[in-house]
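These notes concern the structure reproduced below.
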Amino acid sequence: MKSPVTRLLILILGAWVVRAIGPEWHGSWALGTNLLAAVGIQAGLWLGPGALLIWALLVGMFWDFTTFSPLGHHLLVLGGIGFLVRSQRGWWKGASAGEQAAGSVLAAVAFFALDRLLHLLETRAWDWPFLLNVSIVLGGLVNGVASVVMGWWLEQEDRFPATMRPRRRMR
C-alpha cells in the first residue's frame with residue numbers, strides 16, 4: 001500500500017462505494033456525494049503524464065460503465081481536470097495548505113461544471129437552473145475539502161514523488 005497508484009485505486013474504490021451505496025441526497029447536495037473529482041485532483045498531482053492517461057482511461061471507463069453513462073463522458077472529465085491540475089503542480093508544491101484547499105475547490109467546481117455540460121450535451125436538455133449552480137459550488141466545496149484530506153493521506157510517504165526523484169548522472 002506504499003505506492004501512490006495503489007493508494008489512488010483504494011481512494012477510487014472508496015469513492016465508488018460512497019457513490020453506489022451512499023445516501024441518496026437530492027437538491028443542492030446531490031453532486032456532493034460523488035468523490036470522483038477529489039480523486040481525480042489527487043491523480044493529477046501524483047501521477048506522471050503516461051500513468052495519468054492510463055488511469056483516466058481505466059477509471060473513466062469503469063465509472064461510465066457502472067453509472068450507465070455513455071462511454072467516454074467521465075473519461076473526458078477525469079482526463080481534462082487531471083491534466084489541468086497536473087499542469088499546475090509547480091504552483092501546488094509551493095502553495096500553503098489554504099491555497100491548496102482553494103485550488104482543490106476550484107478544480108472540483110470545474111470538474112462538476114464540465115461534467116454537467118457534457119451531461120446536458122448527451123441529453124440535449126439545456127436547463128441550467130440556479131439550484132444546479134449552487135449544487136456545483138457545494139459539490140466542489142465538498143470535493144475540494146475531501147481532496148485535501150486525500151492529499152494528506154497520500155503524503156504519508158513522500159510529497160509529489162514524481163517530481164522529487166533525484167536524477168543520477170551517468171559517468
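Just so we're on the same page: first chain in the C-alpha cells is A, next is B, and so on; residues restart at 1 for each chain, and ligands are numbered from 1 in the order they show up.
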
Distance query stretch 11-25 of chain A at most 10 Å, only C-alpha atoms, self and fewer than 5 positions along chain excluded, as a PyMOL selection string: chain A and resi 5-6+30-40+42-43+59+62-63+66-67+150+154

Would you please give, as a ChimeraX atom specification, all residues of stretch 11-169 of chain A that DSSP assigns to helix (DSSP H, G or I) based on the backbone? /A:11-21,27-33,36-46,49-66,73-87,89-94,97-123,130-154,161-164

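When only C-alpha atoms are used to compute distances to A:Ala101, the closest of the residues A:Leu8, A:Leu141, A:Leu47, A:Met61 turns out to be A:Leu141.
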
What's around A:Phe111 at 7 Å? Count only C-alpha atoms, leave out sequence neighbours fewer than 3 positions away in its own chain, and write the answer as a VMD selection string. chain A and resid 37 77 81 107 to 108 114 to 115

I need the residues from that last selection saved to file as a JSON list (two decimals), in the first residue's frame (with N, CA, C and O atoms), if you can.
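Listed below is the output, again-v9.json:
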[["chain", "number", "residue", "atom", "x", "y", "z"],
["A", 37, "ALA", "N", -14.27, 13.65, -8.25],
["A", 37, "ALA", "CA", -13.48, 14.86, -8.51],
["A", 37, "ALA", "C", -12.27, 14.93, -7.59],
["A", 37, "ALA", "O", -11.17, 15.26, -8.02],
["A", 77, "VAL", "N", -13.90, 14.03, -18.58],
["A", 77, "VAL", "CA", -13.87, 14.89, -17.40],
["A", 77, "VAL", "C", -12.64, 14.59, -16.55],
["A", 77, "VAL", "O", -11.91, 15.50, -16.15],
["A", 81, "ILE", "N", -9.59, 17.39, -16.23],
["A", 81, "ILE", "CA", -9.27, 18.00, -14.93],
["A", 81, "ILE", "C", -7.94, 17.46, -14.40],
["A", 81, "ILE", "O", -7.14, 18.20, -13.83],
["A", 107, "ALA", "N", -10.80, 23.43, -8.74],
["A", 107, "ALA", "CA", -10.70, 22.30, -9.68],
["A", 107, "ALA", "C", -11.93, 21.41, -9.60],
["A", 107, "ALA", "O", -12.42, 20.94, -10.64],
["A", 108, "ALA", "N", -12.46, 21.20, -8.41],
["A", 108, "ALA", "CA", -13.66, 20.37, -8.27],
["A", 108, "ALA", "C", -14.88, 21.06, -8.87],
["A", 108, "ALA", "O", -15.72, 20.41, -9.49],
["A", 114, "LEU", "N", -17.91, 20.91, -15.98],
["A", 114, "LEU", "CA", -17.64, 20.17, -17.21],
["A", 114, "LEU", "C", -18.50, 18.91, -17.27],
["A", 114, "LEU", "O", -19.05, 18.57, -18.32],
["A", 115, "ASP", "N", -18.63, 18.21, -16.15],
["A", 115, "ASP", "CA", -19.46, 17.02, -16.09],
["A", 115, "ASP", "C", -20.91, 17.35, -16.45],
["A", 115, "ASP", "O", -21.55, 16.64, -17.22]]

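Compared by their closest atoms to A:Ser3, and using only C-alpha atoms, the residues A:Trp46, A:Arg89, A:Leu138, A:Phe83 rank with A:Trp46 nearest.
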
Please provide as an NGL selection string all residues within 8 Å of A:Leu52, with the sequence filter that same-chain residues fewer than 3 positions apart are discarded (counting only C-alpha atoms). :A and (43-44 or 47-49 or 55-56 or 79 or 82-83)

Please determine, counting only C-alpha atoms, which residue among A:Leu45, A:Leu53, A:Leu118, A:Val149 has the shortest atom-to-atom distance to A:Trp92. A:Leu45

Nearest candidate to A:Leu58 (options A:Leu9, A:Ile41, A:Val142, A:Ala95; using only C-alpha atoms):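 Using only C-alpha atoms, the shortest distance to A:Leu58 belongs to A:Leu9.
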